[in-house]
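Here is work.json, consisting of JSON, C-alpha atoms and all ligand atoms:
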```
[["chain", "number", "residue", "atom", "x", "y", "z"],
["A", 1, "MET", "CA", 139.54, 0.43, 110.21],
["A", 2, "ARG", "CA", 136.25, 1.73, 111.53],
["A", 3, "SER", "CA", 134.24, -0.11, 114.12],
["A", 4, "GLU", "CA", 130.69, -1.29, 113.47],
["A", 5, "ASP", "CA", 129.48, 1.41, 115.81],
["A", 6, "SER", "CA", 131.11, 4.31, 113.98],
["A", 7, "LEU", "CA", 129.82, 2.91, 110.69],
["A", 8, "SER", "CA", 126.26, 2.96, 111.92],
["A", 9, "HIS", "CA", 126.70, 6.63, 112.87],
["A", 10, "ALA", "CA", 128.38, 7.52, 109.58],
["A", 11, "MET", "CA", 128.49, 11.21, 108.79],
["A", 12, "PRO", "CA", 126.27, 12.27, 105.91],
["A", 13, "ALA", "CA", 129.41, 13.25, 103.96],
["A", 14, "ASP", "CA", 130.06, 9.50, 103.76],
["A", 15, "GLN", "CA", 126.78, 9.01, 102.01],
["A", 16, "ALA", "CA", 125.56, 10.02, 98.60],
["A", 17, "PHE", "CA", 122.69, 9.95, 96.17],
["A", 18, "VAL", "CA", 123.89, 8.68, 92.80],
["A", 19, "THR", "CA", 122.31, 8.92, 89.37],
["A", 20, "MET", "CA", 123.54, 8.35, 85.85],
["A", 21, "ALA", "CA", 123.18, 9.64, 82.27],
["A", 22, "THR", "CA", 124.76, 8.40, 79.06],
["A", 23, "THR", "CA", 122.99, 10.80, 76.68],
["A", 24, "ASP", "CA", 122.14, 14.48, 76.79],
["A", 25, "SER", "CA", 118.44, 13.57, 77.01],
["A", 26, "TYR", "CA", 118.97, 11.50, 80.15],
["A", 27, "CYS", "CA", 121.06, 14.41, 81.47],
["A", 28, "MET", "CA", 117.85, 16.47, 81.48],
["A", 29, "GLY", "CA", 116.38, 13.88, 83.82],
["A", 30, "ALA", "CA", 119.52, 13.75, 85.96],
["A", 31, "LEU", "CA", 119.43, 17.53, 86.29],
["A", 32, "VAL", "CA", 115.92, 17.34, 87.73],
["A", 33, "VAL", "CA", 116.95, 14.51, 90.10],
["A", 34, "GLY", "CA", 119.84, 16.58, 91.46],
["A", 35, "GLN", "CA", 117.84, 19.77, 91.74],
["A", 36, "CYS", "CA", 114.91, 18.09, 93.53],
["A", 37, "LEU", "CA", 117.24, 16.42, 96.04],
["A", 38, "ARG", "CA", 118.81, 19.80, 96.72],
["A", 39, "ARG", "CA", 115.53, 21.68, 96.94],
["A", 40, "HIS", "CA", 114.16, 19.18, 99.44],
["A", 41, "GLY", "CA", 117.21, 19.81, 101.60],
["A", 42, "THR", "CA", 119.19, 16.58, 101.43],
["A", 43, "THR", "CA", 122.13, 16.51, 103.83],
["A", 44, "ARG", "CA", 123.87, 13.90, 101.65],
["A", 45, "ARG", "CA", 126.26, 14.38, 98.75],
["A", 46, "THR", "CA", 124.97, 14.13, 95.19],
["A", 47, "VAL", "CA", 126.84, 12.37, 92.40],
["A", 48, "VAL", "CA", 126.02, 11.98, 88.72],
["A", 49, "MET", "CA", 127.90, 9.49, 86.55],
["A", 50, "VAL", "CA", 128.10, 10.50, 82.88],
["A", 51, "SER", "CA", 129.64, 8.74, 79.89],
["A", 52, "PRO", "CA", 132.33, 10.46, 77.81],
["A", 53, "ASN", "CA", 129.93, 11.20, 74.90],
["A", 54, "VAL", "CA", 127.78, 13.52, 77.04],
["A", 55, "SER", "CA", 128.20, 17.11, 75.80],
["A", 56, "SER", "CA", 130.27, 19.61, 77.74],
["A", 57, "GLN", "CA", 127.21, 21.89, 78.06],
["A", 58, "ALA", "CA", 125.26, 19.11, 79.72],
["A", 59, "ARG", "CA", 128.15, 18.31, 82.06],
["A", 60, "ASP", "CA", 128.45, 22.00, 82.88],
["A", 61, "ALA", "CA", 124.78, 22.22, 83.76],
["A", 62, "LEU", "CA", 125.02, 19.10, 85.95],
["A", 63, "GLY", "CA", 128.04, 20.63, 87.67],
["A", 64, "HIS", "CA", 125.82, 23.47, 88.91],
["A", 65, "VAL", "CA", 123.48, 21.07, 90.64],
["A", 66, "PHE", "CA", 125.54, 18.03, 91.72],
["A", 67, "ASP", "CA", 128.47, 17.87, 94.15],
["A", 68, "GLN", "CA", 130.30, 15.53, 91.78],
["A", 69, "VAL", "CA", 130.08, 14.89, 88.04],
["A", 70, "LEU", "CA", 131.96, 11.69, 87.37],
["A", 71, "VAL", "CA", 132.91, 10.54, 83.87],
["A", 72, "VAL", "CA", 132.72, 6.76, 83.56],
["A", 73, "ASP", "CA", 133.20, 4.38, 80.66],
["A", 74, "LEU", "CA", 130.20, 2.94, 78.89],
["A", 75, "LEU", "CA", 129.50, -0.62, 79.85],
["A", 76, "ASP", "CA", 127.20, -2.38, 77.46],
["A", 77, "SER", "CA", 125.69, -5.77, 78.15],
["A", 78, "GLY", "CA", 125.95, -6.46, 74.41],
["A", 79, "ASP", "CA", 123.14, -8.88, 74.96],
["A", 80, "ARG", "CA", 120.95, -8.15, 71.98],
["A", 81, "THR", "CA", 118.87, -11.31, 72.25],
["A", 82, "HIS", "CA", 117.58, -10.63, 75.73],
["A", 83, "LEU", "CA", 117.07, -6.97, 74.99],
["A", 84, "TYR", "CA", 115.04, -7.98, 71.97],
["A", 85, "TRP", "CA", 112.51, -9.71, 74.23],
["A", 86, "LEU", "CA", 112.24, -6.59, 76.26],
["A", 87, "ARG", "CA", 112.00, -4.47, 73.05],
["A", 88, "ARG", "CA", 114.42, -2.01, 74.63],
["A", 89, "PRO", "CA", 117.79, -2.28, 72.81],
["A", 90, "GLU", "CA", 118.98, 0.96, 74.43],
["A", 91, "LEU", "CA", 118.94, -0.61, 77.89],
["A", 92, "GLY", "CA", 122.28, -2.39, 77.42],
["A", 93, "VAL", "CA", 123.98, 0.78, 78.58],
["A", 94, "THR", "CA", 122.24, 0.48, 81.92],
["A", 95, "PHE", "CA", 125.06, -1.94, 82.80],
["A", 96, "THR", "CA", 127.03, 1.29, 83.24],
["A", 97, "LYS", "CA", 125.08, 1.59, 86.48],
["A", 98, "PHE", "CA", 127.34, -1.00, 88.08],
["A", 99, "HIS", "CA", 130.09, 1.63, 88.26],
["A", 100, "CYS", "CA", 128.25, 3.01, 91.24],
["A", 101, "TRP", "CA", 129.73, 0.20, 93.36],
["A", 102, "THR", "CA", 133.19, 1.70, 92.79],
["A", 103, "LEU", "CA", 132.31, 4.92, 94.65],
["A", 104, "THR", "CA", 134.11, 3.66, 97.74],
["A", 105, "GLN", "CA", 134.68, 7.13, 99.18],
["A", 106, "TYR", "CA", 131.07, 6.71, 100.35],
["A", 107, "SER", "CA", 130.00, 4.12, 102.87],
["A", 108, "LYS", "CA", 126.42, 3.98, 101.69],
["A", 109, "CYS", "CA", 124.57, 5.31, 98.64],
["A", 110, "VAL", "CA", 121.11, 5.53, 97.17],
["A", 111, "PHE", "CA", 120.88, 5.10, 93.42],
["A", 112, "LEU", "CA", 118.12, 6.95, 91.58],
["A", 113, "ASP", "CA", 117.34, 6.50, 87.89],
["A", 114, "ALA", "CA", 117.51, 9.71, 85.87],
["A", 115, "ASP", "CA", 113.80, 9.30, 85.10],
["A", 116, "THR", "CA", 112.72, 9.70, 88.71],
["A", 117, "LEU", "CA", 111.03, 12.71, 90.25],
["A", 118, "VAL", "CA", 111.85, 13.21, 93.93],
["A", 119, "LEU", "CA", 108.85, 14.84, 95.63],
["A", 120, "CYS", "CA", 110.19, 15.36, 99.17],
["A", 121, "ASN", "CA", 113.20, 14.75, 101.38],
["A", 122, "VAL", "CA", 114.02, 11.02, 101.27],
["A", 123, "ASP", "CA", 117.21, 11.00, 103.39],
["A", 124, "GLU", "CA", 115.66, 8.34, 105.62],
["A", 125, "LEU", "CA", 116.50, 5.85, 102.86],
["A", 126, "PHE", "CA", 120.04, 5.81, 104.26],
["A", 127, "GLU", "CA", 118.73, 3.96, 107.31],
["A", 128, "ARG", "CA", 118.27, 0.93, 105.03],
["A", 129, "GLU", "CA", 120.86, -1.66, 104.13],
["A", 130, "GLU", "CA", 122.13, -3.10, 100.84],
["A", 131, "LEU", "CA", 120.25, -4.14, 98.83],
["A", 132, "SER", "CA", 117.02, -2.34, 99.58],
["A", 133, "ALA", "CA", 114.58, -1.59, 96.78],
["A", 134, "ALA", "CA", 110.87, -1.48, 96.00],
["A", 135, "PRO", "CA", 108.99, -4.26, 94.18],
["A", 136, "ASP", "CA", 108.72, -4.07, 90.42],
["A", 137, "PRO", "CA", 105.09, -3.55, 89.40],
["A", 138, "GLY", "CA", 105.41, -6.07, 86.56],
["A", 139, "TRP", "CA", 106.80, -8.90, 88.73],
["A", 140, "PRO", "CA", 106.71, -7.98, 92.41],
["A", 141, "ASP", "CA", 109.08, -10.80, 93.44],
["A", 142, "CYS", "CA", 111.70, -8.80, 91.57],
["A", 143, "PHE", "CA", 112.84, -5.44, 92.82],
["A", 144, "ASN", "CA", 112.80, -2.46, 90.52],
["A", 145, "SER", "CA", 116.33, -1.12, 90.03],
["A", 146, "GLY", "CA", 115.28, 2.51, 89.54],
["A", 147, "VAL", "CA", 115.73, 3.25, 93.25],
["A", 148, "PHE", "CA", 118.00, 1.18, 95.48],
["A", 149, "VAL", "CA", 120.21, 1.43, 98.55],
["A", 150, "PHE", "CA", 123.70, -0.05, 98.25],
["A", 151, "ARG", "CA", 127.16, -0.12, 99.79],
["A", 152, "PRO", "CA", 129.99, 0.73, 97.39],
["A", 153, "SER", "CA", 132.58, -2.05, 97.38],
["A", 154, "LEU", "CA", 135.20, -2.96, 94.80],
["A", 155, "ASP", "CA", 134.70, -6.58, 95.72],
["A", 156, "THR", "CA", 130.96, -6.42, 94.99],
["A", 157, "HIS", "CA", 131.71, -4.57, 91.74],
["A", 158, "VAL", "CA", 134.05, -7.31, 90.54],
["A", 159, "ARG", "CA", 131.56, -10.01, 91.57],
["A", 160, "LEU", "CA", 128.77, -8.22, 89.71],
["A", 161, "LEU", "CA", 130.81, -8.06, 86.50],
["A", 162, "GLU", "CA", 131.78, -11.69, 86.89],
["A", 163, "HIS", "CA", 128.13, -12.59, 87.44],
["A", 164, "ALA", "CA", 127.25, -10.61, 84.30],
["A", 165, "ARG", "CA", 129.88, -12.46, 82.29],
["A", 166, "GLN", "CA", 128.82, -15.85, 83.57],
["A", 167, "TYR", "CA", 125.04, -15.58, 83.61],
["A", 168, "GLY", "CA", 124.16, -12.42, 81.66],
["A", 169, "SER", "CA", 120.95, -10.67, 82.47],
["A", 170, "PHE", "CA", 117.55, -12.27, 81.92],
["A", 171, "ASP", "CA", 116.12, -8.95, 80.70],
["A", 172, "GLY", "CA", 119.34, -7.68, 79.11],
["A", 173, "GLY", "CA", 119.42, -4.69, 81.48],
["A", 174, "ASP", "CA", 120.78, -4.00, 84.93],
["A", 175, "GLN", "CA", 117.55, -5.00, 86.68],
["A", 176, "GLY", "CA", 117.66, -8.61, 85.52],
["A", 177, "LEU", "CA", 121.25, -9.01, 86.59],
["A", 178, "LEU", "CA", 120.85, -7.26, 89.93],
["A", 179, "ASN", "CA", 117.87, -9.47, 90.75],
["A", 180, "THR", "CA", 119.75, -12.70, 90.13],
["A", 181, "PHE", "CA", 122.77, -11.32, 92.01],
["A", 182, "PHE", "CA", 120.78, -10.20, 95.06],
["A", 183, "SER", "CA", 118.63, -13.27, 94.58],
["A", 184, "ASP", "CA", 117.19, -13.59, 98.08],
["A", 185, "TRP", "CA", 115.66, -10.09, 98.10],
["A", 186, "ALA", "CA", 112.09, -11.40, 97.71],
["A", 187, "ILE", "CA", 112.12, -13.60, 100.80],
["A", 188, "ARG", "CA", 115.11, -12.85, 103.05],
["A", 189, "ASP", "CA", 114.46, -9.58, 104.89],
["A", 190, "ILE", "CA", 111.33, -7.47, 104.67],
["A", 191, "ARG", "CA", 113.30, -4.38, 105.80],
["A", 192, "LYS", "CA", 114.98, -4.46, 102.40],
["A", 193, "HIS", "CA", 111.60, -4.02, 100.73],
["A", 194, "LEU", "CA", 111.16, -0.30, 100.27],
["A", 195, "PRO", "CA", 107.57, 0.89, 100.36],
["A", 196, "PHE", "CA", 106.22, 1.30, 96.84],
["A", 197, "VAL", "CA", 105.87, 5.09, 97.39],
["A", 198, "TYR", "CA", 109.68, 5.34, 97.13],
["A", 199, "ASN", "CA", 109.49, 4.09, 93.55],
["A", 200, "LEU", "CA", 106.01, 4.76, 92.32],
["A", 201, "SER", "CA", 106.07, 3.56, 88.73],
["A", 202, "ALA", "CA", 104.10, 5.86, 86.49],
["A", 203, "ASN", "CA", 102.26, 2.92, 84.91],
["A", 204, "ALA", "CA", 100.98, 1.72, 88.30],
["A", 205, "ILE", "CA", 98.87, 4.87, 88.37],
["A", 206, "TYR", "CA", 96.65, 3.56, 85.60],
["A", 207, "THR", "CA", 97.01, -0.19, 86.18],
["A", 208, "TYR", "CA", 95.69, 0.20, 89.75],
["A", 209, "LEU", "CA", 94.03, 3.59, 89.86],
["A", 210, "PRO", "CA", 91.97, 2.96, 93.04],
["A", 211, "ALA", "CA", 95.20, 2.20, 94.97],
["A", 212, "PHE", "CA", 96.72, 5.36, 93.59],
["A", 213, "GLN", "CA", 93.67, 7.32, 94.70],
["A", 214, "GLU", "CA", 93.93, 5.82, 98.19],
["A", 215, "TYR", "CA", 97.70, 6.02, 98.71],
["A", 216, "GLY", "CA", 99.05, 8.27, 95.95],
["A", 217, "HIS", "CA", 99.24, 11.31, 98.22],
["A", 218, "ASN", "CA", 102.04, 9.50, 100.11],
["A", 219, "ALA", "CA", 104.20, 9.34, 96.98],
["A", 220, "LYS", "CA", 107.83, 10.26, 97.64],
["A", 221, "ILE", "CA", 109.53, 9.33, 94.37],
["A", 222, "VAL", "CA", 107.75, 8.94, 91.03],
["A", 223, "HIS", "CA", 109.48, 6.82, 88.41],
["A", 224, "PHE", "CA", 108.72, 7.44, 84.72],
["A", 225, "LEU", "CA", 109.49, 3.83, 83.92],
["A", 226, "GLY", "CA", 109.12, 2.69, 80.31],
["A", 227, "LEU", "CA", 109.58, 4.18, 76.88],
["A", 228, "VAL", "CA", 107.87, 7.51, 77.45],
["A", 229, "LYS", "CA", 110.03, 9.93, 79.40],
["A", 230, "PRO", "CA", 108.89, 13.41, 80.46],
["A", 231, "TRP", "CA", 111.64, 15.09, 78.44],
["A", 232, "ASN", "CA", 110.18, 13.51, 75.28],
["A", 233, "LEU", "CA", 106.76, 14.98, 75.96],
["A", 234, "ARG", "CA", 107.07, 18.61, 75.07],
["A", 235, "SER", "CA", 103.69, 19.72, 73.84],
["A", 236, "ASN", "CA", 100.37, 19.52, 75.64],
["A", 237, "SER", "CA", 98.97, 17.29, 72.92],
["A", 238, "GLN", "CA", 101.76, 14.77, 73.55],
["A", 239, "THR", "CA", 101.12, 14.87, 77.25],
["A", 240, "ASN", "CA", 97.39, 14.42, 76.70],
["A", 241, "GLN", "CA", 98.15, 11.14, 74.98],
["A", 242, "LEU", "CA", 99.10, 9.83, 78.41],
["A", 243, "ILE", "CA", 95.34, 9.67, 79.06],
["A", 244, "ASN", "CA", 95.80, 9.62, 82.79],
["A", 245, "ILE", "CA", 95.37, 12.98, 84.45],
["A", 246, "HIS", "CA", 97.58, 12.08, 87.44],
["A", 247, "LEU", "CA", 100.43, 11.04, 85.23],
["A", 248, "GLU", "CA", 99.94, 14.24, 83.26],
["A", 249, "GLU", "CA", 100.32, 16.21, 86.49],
["A", 250, "PHE", "CA", 103.62, 14.51, 87.32],
["A", 251, "VAL", "CA", 104.92, 15.18, 83.81],
["A", 252, "TYR", "CA", 103.87, 18.80, 84.22],
["A", 253, "GLN", "CA", 105.62, 18.94, 87.59],
["A", 254, "TRP", "CA", 108.74, 17.46, 86.02],
["A", 255, "TRP", "CA", 108.76, 20.24, 83.38],
["A", 256, "THR", "CA", 108.23, 22.87, 86.07],
["A", 257, "GLU", "CA", 111.26, 21.56, 87.96],
["A", 258, "TYR", "CA", 113.30, 21.40, 84.77],
["A", 259, "SER", "CA", 112.47, 24.95, 83.68],
["A", 260, "TYR", "CA", 113.13, 26.24, 87.18],
["A", 261, "THR", "CA", 116.51, 24.52, 87.23],
["A", 262, "LEU", "CA", 117.47, 26.12, 83.92],
["A", 263, "LEU", "CA", 116.57, 29.50, 85.36],
["A", 264, "LEU", "CA", 118.65, 28.79, 88.43],
["A", 265, "ILE", "CA", 121.70, 27.88, 86.41],
["A", 266, "LYS", "CA", 121.01, 30.83, 84.12],
["A", 267, "ASN", "CA", 119.97, 28.96, 81.01],
["A", 268, "LYS", "CA", 123.39, 27.50, 80.45],
["A", 269, "TRP", "CA", 121.86, 24.61, 78.61],
["A", 270, "PRO", "CA", 119.41, 24.44, 75.68],
["A", 271, "LYS", "CA", 115.79, 24.04, 76.66],
["A", 272, "GLU", "CA", 115.08, 21.59, 73.90],
["A", 273, "PRO", "CA", 116.15, 17.96, 74.28],
["A", 274, "ALA", "CA", 119.27, 17.27, 72.26],
["A", 275, "GLY", "CA", 117.90, 13.89, 71.19],
["A", 276, "PRO", "CA", 119.21, 10.44, 72.04],
["B", 301, "LIG", "N1", 120.27, 5.34, 81.16],
["B", 301, "LIG", "C1", 121.13, 6.17, 80.49],
["B", 301, "LIG", "N2", 121.15, 6.14, 79.11],
["B", 301, "LIG", "C2", 120.34, 5.34, 78.38],
["B", 301, "LIG", "C3", 119.45, 4.49, 79.07],
["B", 301, "LIG", "C4", 119.44, 4.52, 80.45],
["B", 301, "LIG", "O1", 121.88, 6.92, 81.11],
["B", 301, "LIG", "O2", 120.39, 5.38, 77.14],
["B", 301, "LIG", "C5", 120.28, 5.35, 82.64],
["B", 301, "LIG", "C6", 119.39, 6.42, 83.24],
["B", 301, "LIG", "O3", 119.87, 6.79, 84.51],
["B", 301, "LIG", "C7", 118.09, 5.67, 83.34],
["B", 301, "LIG", "C8", 118.59, 4.30, 83.83],
["B", 301, "LIG", "O4", 119.80, 4.11, 83.11],
["B", 301, "LIG", "O5", 117.18, 6.28, 84.23],
["B", 301, "LIG", "C9", 117.63, 3.14, 83.53],
["B", 301, "LIG", "O6", 117.06, 3.29, 82.26],
["B", 301, "LIG", "P1", 115.52, 3.67, 82.09],
["B", 301, "LIG", "O7", 115.14, 4.58, 83.22],
["B", 301, "LIG", "O8", 115.31, 4.19, 80.71],
["B", 301, "LIG", "O9", 114.82, 2.26, 82.27],
["B", 301, "LIG", "P2", 113.34, 2.00, 82.84],
["B", 301, "LIG", "O10", 113.31, 2.57, 84.22],
["B", 301, "LIG", "O11", 112.39, 2.68, 81.90],
["B", 301, "LIG", "O12", 113.24, 0.51, 82.82],
["B", 302, "MN", "MN", 113.95, 4.34, 84.99]]
```
Could the structure of this file be written out as structure tokens, please?
Amino acid sequence: MRSEDSLSHAMPADQAFVTMATTDSYCMGALVVGQCLRRHGTTRRTVVMVSPNVSSQARDALGHVFDQVLVVDLLDSGDRTHLYWLRRPELGVTFTKFHCWTLTQYSKCVFLDADTLVLCNVDELFEREELSAAPDPGWPDCFNSGVFVFRPSLDTHVRLLEHARQYGSFDGGDQGLLNTFFSDWAIRDIRKHLPFVYNLSANAIYTYLPAFQEYGHNAKIVHFLGLVKPWNLRSNSQTNQLINIHLEEFVYQWWTEYSYTLLLIKNKWPKEPAGP
């Protein structure tokens, strides 16, 4: 057993960035997550969890970018009523995220949604403890589960599933459940509140534009939260519908990263989204 001291000086090989994709479309996002982490020189391992239905081409492509491509079973909240209120029936599969707690070969991990764009090296996130996350722009007493620091633990995994079975999720997705599980996040320890620039929700750019103009240059991770994902915006006219020029720039940057990644891995994967 390791002492507290050796844990606090854990080697980077003990630590990993983790993302997830259950469709080939989300794999496009995951590919960009992995490539950006790499390009910005992370010293940590990179892991992508995929469900069995993900195509072999997509898995292949991910294998060029990530240290580990892990096939996990789909876990669906099956909670249609709650998802109805959120108008996002596809989010049930986000329960699959909980598999990340089983990655016990790592002592600490940072989870990143596949719809995030990492703009610089963010390895300092590993200095934080479980469960660290940034506020959700819609309800800032809840954390947004697109970026969070956690400690893999089979015990926590079992308790999360039990919590899911007993209480469900108030929004039908992983965020609702994680917020009731780590229920003291809002008030317990300010160090577990990541600055908003680590999970800059795309919609915050237009809901509070002056703040974006003041602080936006500090952005470290952009999160394309919501229905519209960059991989669904292929033409300029579609991107223009975003109205906001800053958001447009991030979508453009996402496509630049994506195209560059395909070049790097020698176009082993179709350029066009395969659809959900
Ligand atoms: N996800 C997935 N397949 C899906 C929906 C979601 O793999 O069909 C994963 C993916 O990593 C995604 C995360 O779950 O980034 C959370 O979903 P999403 O980002 O769409 O939710 P939002 O951030 O918009 O609330
Ligand atoms: Mn997301």
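Taking all atoms listed in the file into account, Phe126 (chain A) lies nearest to A:Ala16 out of the set A:Ala186, A:Leu161, A:Leu62, A:Ala16.
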statement: The residue from A:Trp231, A:Phe150, A:Phe224, A:Tyr167 with the smallest atom-to-atom distance to ligand MN 302 (chain B), counting all atoms listed in the file, is A:Phe224
field: Given 7 Å and only C-alpha atoms and all ligand atoms, residues near ligand LIG 301 (chain B) as a PyMOL selection string
entry: chain A and resi 19-23+26+90-91+93-94+97+113-115+146+224-227
- prompt: Mind pulling up the distance from CA of Thr261 (chain A) to CA of Tyr215 (chain A)?
  reply: 28.8 Å
- request: Please provide the set of residues having any atom within 10 Å of Ala219 (chain A), restricted to all atoms listed in the file, with same-chain residues fewer than 2 positions apart removed, written as JSON, numbers by chain.
  value: {"A": [118, 119, 120, 195, 196, 197, 198, 199, 200, 212, 215, 216, 217, 221, 222]}
- request: Could you jot down the CA of Trp254 (chain A) to CA of Pro230 (chain A) separation for me, Å, one decimal place?
  value: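 It comes out at 6.9 Å.
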- request: Grab the CA of Ala133 (chain A) to CA of Phe148 (chain A) distance for me, in Å with one decimal place.
  value: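 Atom-to-atom, CA of Ala133 (chain A) to CA of Phe148 (chain A), that is 4.6 Å.
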field: Nearest candidate to ligand MN 302 (chain B) (options A:Leu247, A:Leu262, A:Leu131, A:Ala202; using all atoms listed in the file)
entry: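 When distances to ligand MN 302 (chain B) are compared using all atoms listed in the file, the smallest one comes from A:Ala202.
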- prompt: Which of these, A:Ala164, A:Val50, A:Leu103, A:Val33, has the shortest distance to ligand MN 302 (chain B) once you count all atoms listed in the file?
  reply: A:Val33
query: Between A:Gln15, A:Asn203, A:Thr102, A:Ser56, which is the closest to ligand MN 302 (chain B) once you count only C-alpha atoms and all ligand atoms?
result: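 Of A:Gln15, A:Asn203, A:Thr102, A:Ser56, the one nearest ligand MN 302 (chain B), counting only C-alpha atoms and all ligand atoms, is A:Asn203.
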task: Using only C-alpha atoms, pick whichever of A:Leu117, A:Phe111, A:Leu74, A:Ile205 has the shortest atom-to-atom distance to Val32 (chain A).
output: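 Selected residue with least distance to Val32 (chain A): A:Leu117.
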